[in-house]
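The structure appears below as structure tokens.
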Amino acid sequence: MPLPTVRFKHARFTARFPEGYLYSRSHYWMAPVDGAEGVWRAGFTKFATRMLGELVDCDWKAAPGSPVEPGQIIGWVEGFKAASDVYCVLKGAFVEGNPHLKQDACVVRSDPYEAGWLYSVRGGPEAGHMDVHGYIAYLEGIIQKMAEEGHGEEGATEE
């Protein structure tokens, strides 16, 4: 069953964001895992995946059961456009990185809100998280600032 989403459009950048998820200022989403008490998954938003491009590899520094906190580097991802550390946006105990990503890291871009999740933590979201409407307002400001600084939006339609 498809997730209920809120559509965002700015110039040529268009995306849909799940309305029941929480979002960070660092462009990650957070959502509780159905049937797993206290376990949350986190992943990149569509905006973040656009900046990274297709992912080709990832790895996790955090071991299952180890304590993690917001802002901690817990792994890395490598894409065609860029490589990036993965920061934790949850506080608690690291459960696992998405095992599917070793076979198909591209799913992070093609299905970021379901199959393309990055990692899971038993605990809760970071302070300062936003709902979808707060994130869209935040994103509007980021994109406006990028436009003012002369960053292009070529090929931006994504939905």
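Chain labels follow the order of the structure tokens: the first chain is A, the next B, and so on; residue numbering restarts at 1 in every chain, and ligands are counted from 1 in their shown order.
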
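Within 6 Å of region 34-46 of chain A, once only C-alpha atoms are used and residues closer than 5 positions along the same chain are dropped, the contacting residues are A:His27, A:Tyr28, A:Trp29, A:Trp117, A:Leu118, A:Tyr119, A:Ser120, A:Val121, A:Arg122, A:Gly123.
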
Residue neighbourhood Arg25 (chain A), 12 Å, only C-alpha atoms, exclusion window fewer than 2 positions, as a PyMOL selection string: chain A and resi 22-23+27-30+44-45+47-48+70-71+87+89+126-132+134-139+141-142

Residue nearest His10 (chain A) among A:Lys102, A:Glu54, A:Lys145, A:Glu140 (counting only C-alpha atoms): A:Glu140

Strand (DSSP E or B) residues, from DSSP on the backbone, in chain A, as JSON, numbers by chain: {"A": [5, 6, 7, 8, 9, 10, 13, 14, 15, 16, 17, 18, 22, 23, 28, 29, 30, 31, 32, 39, 40, 41, 42, 43, 44, 55, 56, 57, 58, 59, 60, 67, 68, 73, 74, 75, 76, 77, 78, 79, 83, 84, 85, 86, 87, 90, 91, 92, 93, 94, 95, 96, 97, 119, 120, 121, 122, 123, 124, 125, 130, 157]}

Given the selection you just returned, output its residues as a file containing C-alpha atoms, formatted as a JSON list (two decimals), in the first residue's frame.
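Now in result31.json:
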[["chain", "number", "residue", "atom", "x", "y", "z"],
["A", 5, "THR", "CA", 2.59, 11.78, 0.78],
["A", 6, "VAL", "CA", 2.76, 15.54, 0.53],
["A", 7, "ARG", "CA", 3.91, 16.90, -2.82],
["A", 8, "PHE", "CA", 6.62, 19.56, -2.91],
["A", 9, "LYS", "CA", 7.48, 21.60, -5.98],
["A", 10, "HIS", "CA", 9.99, 24.39, -6.34],
["A", 13, "PHE", "CA", 12.52, 20.19, -8.32],
["A", 14, "THR", "CA", 9.51, 18.06, -7.46],
["A", 15, "ALA", "CA", 9.29, 15.36, -4.80],
["A", 16, "ARG", "CA", 6.82, 13.57, -2.58],
["A", 17, "PHE", "CA", 7.49, 13.21, 1.14],
["A", 18, "PRO", "CA", 5.66, 10.71, 3.39],
["A", 22, "LEU", "CA", 9.73, 12.90, 10.80],
["A", 23, "TYR", "CA", 12.58, 14.82, 9.15],
["A", 28, "TYR", "CA", 17.19, 12.35, 6.72],
["A", 29, "TRP", "CA", 13.76, 10.91, 7.41],
["A", 30, "MET", "CA", 12.83, 8.91, 10.52],
["A", 31, "ALA", "CA", 9.93, 6.48, 10.91],
["A", 32, "PRO", "CA", 8.95, 3.85, 13.49],
["A", 39, "VAL", "CA", 12.73, 0.61, 16.63],
["A", 40, "TRP", "CA", 13.06, 3.44, 14.13],
["A", 41, "ARG", "CA", 14.44, 3.45, 10.60],
["A", 42, "ALA", "CA", 16.24, 6.36, 9.01],
["A", 43, "GLY", "CA", 17.07, 7.16, 5.42],
["A", 44, "PHE", "CA", 17.90, 9.96, 3.03],
["A", 55, "LEU", "CA", 24.67, 5.06, -4.61],
["A", 56, "VAL", "CA", 27.21, 2.38, -5.39],
["A", 57, "ASP", "CA", 28.39, 1.30, -1.93],
["A", 58, "CYS", "CA", 27.94, 1.80, 1.81],
["A", 59, "ASP", "CA", 29.28, 0.50, 5.10],
["A", 60, "TRP", "CA", 28.54, 0.89, 8.81],
["A", 67, "PRO", "CA", 25.00, 3.13, 21.64],
["A", 68, "VAL", "CA", 24.47, 5.88, 19.07],
["A", 73, "ILE", "CA", 29.13, 9.33, 12.21],
["A", 74, "ILE", "CA", 27.86, 5.75, 11.97],
["A", 75, "GLY", "CA", 28.87, 4.86, 8.40],
["A", 76, "TRP", "CA", 29.43, 6.12, 4.89],
["A", 77, "VAL", "CA", 27.88, 6.01, 1.44],
["A", 78, "GLU", "CA", 29.48, 6.44, -1.95],
["A", 79, "GLY", "CA", 27.56, 7.69, -4.97],
["A", 83, "ALA", "CA", 30.73, 10.31, -1.07],
["A", 84, "SER", "CA", 29.34, 11.17, 2.32],
["A", 85, "ASP", "CA", 29.49, 10.17, 5.94],
["A", 86, "VAL", "CA", 26.19, 8.91, 7.34],
["A", 87, "TYR", "CA", 25.19, 10.72, 10.53],
["A", 90, "LEU", "CA", 18.32, 8.84, 16.34],
["A", 91, "LYS", "CA", 19.38, 8.20, 19.95],
["A", 92, "GLY", "CA", 19.57, 4.68, 21.31],
["A", 93, "ALA", "CA", 21.17, 1.39, 20.28],
["A", 94, "PHE", "CA", 22.17, 0.67, 16.68],
["A", 95, "VAL", "CA", 20.15, -2.29, 15.34],
["A", 96, "GLU", "CA", 21.47, -2.70, 11.80],
["A", 97, "GLY", "CA", 22.26, -1.18, 8.46],
["A", 119, "TYR", "CA", 19.80, 2.01, 9.19],
["A", 120, "SER", "CA", 17.67, 1.26, 12.23],
["A", 121, "VAL", "CA", 18.00, 2.18, 15.91],
["A", 122, "ARG", "CA", 16.12, 1.10, 19.03],
["A", 123, "GLY", "CA", 15.42, 4.43, 20.68],
["A", 124, "GLY", "CA", 13.94, 7.65, 19.38],
["A", 125, "PRO", "CA", 14.34, 10.67, 17.08],
["A", 130, "MET", "CA", 10.24, 18.32, 11.97],
["A", 157, "THR", "CA", 12.17, 16.75, -11.56]]

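Interatomic distance, CA of Ala147 (chain A) against CA of Phe80 (chain A): 22.9 Å.
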
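Each of A:Thr49, A:His133, A:Lys81, A:Gln72 was checked against Val108 (chain A) using only C-alpha atoms; the smallest atom-to-atom distance is that of A:Thr49.
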
Based on the backbone DSSP call, show me all residues of region 13-54 of chain A assigned alpha helix (DSSP H), as an mmCIF file with N, CA and C atoms, in the first residue's frame.
data_model
loop_
_atom_site.group_PDB
_atom_site.id
_atom_site.type_symbol
_atom_site.label_atom_id
_atom_site.label_comp_id
_atom_site.auth_asym_id
_atom_site.auth_seq_id
_atom_site.Cartn_x
_atom_site.Cartn_y
_atom_site.Cartn_z
ATOM 1 N N LYS A 46 14.436 12.525 -0.486
ATOM 2 C CA LYS A 46 14.597 12.639 -1.946
ATOM 3 C C LYS A 46 15.540 13.795 -2.294
ATOM 4 N N PHE A 47 15.520 14.859 -1.516
ATOM 5 C CA PHE A 47 16.433 15.979 -1.751
ATOM 6 C C PHE A 47 17.879 15.513 -1.570
ATOM 7 N N ALA A 48 18.157 14.765 -0.512
ATOM 8 C CA ALA A 48 19.520 14.264 -0.262
ATOM 9 C C ALA A 48 19.962 13.306 -1.364
ATOM 10 N N THR A 49 19.062 12.439 -1.818
ATOM 11 C CA THR A 49 19.453 11.487 -2.856
ATOM 12 C C THR A 49 19.762 12.202 -4.161
ATOM 13 N N ARG A 50 19.104 13.310 -4.410
ATOM 14 C CA ARG A 50 19.402 14.093 -5.616
ATOM 15 C C ARG A 50 20.811 14.659 -5.549
ATOM 16 N N MET A 51 21.232 15.084 -4.370
ATOM 17 C CA MET A 51 22.569 15.650 -4.211
ATOM 18 C C MET A 51 23.656 14.568 -4.343
ATOM 19 N N LEU A 52 23.369 13.356 -3.884
ATOM 20 C CA LEU A 52 24.360 12.272 -3.924
ATOM 21 C C LEU A 52 24.398 11.536 -5.252
#

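Note that CA of Gln144 (chain A) and CA of Cys88 (chain A) are 26.4 Å apart.
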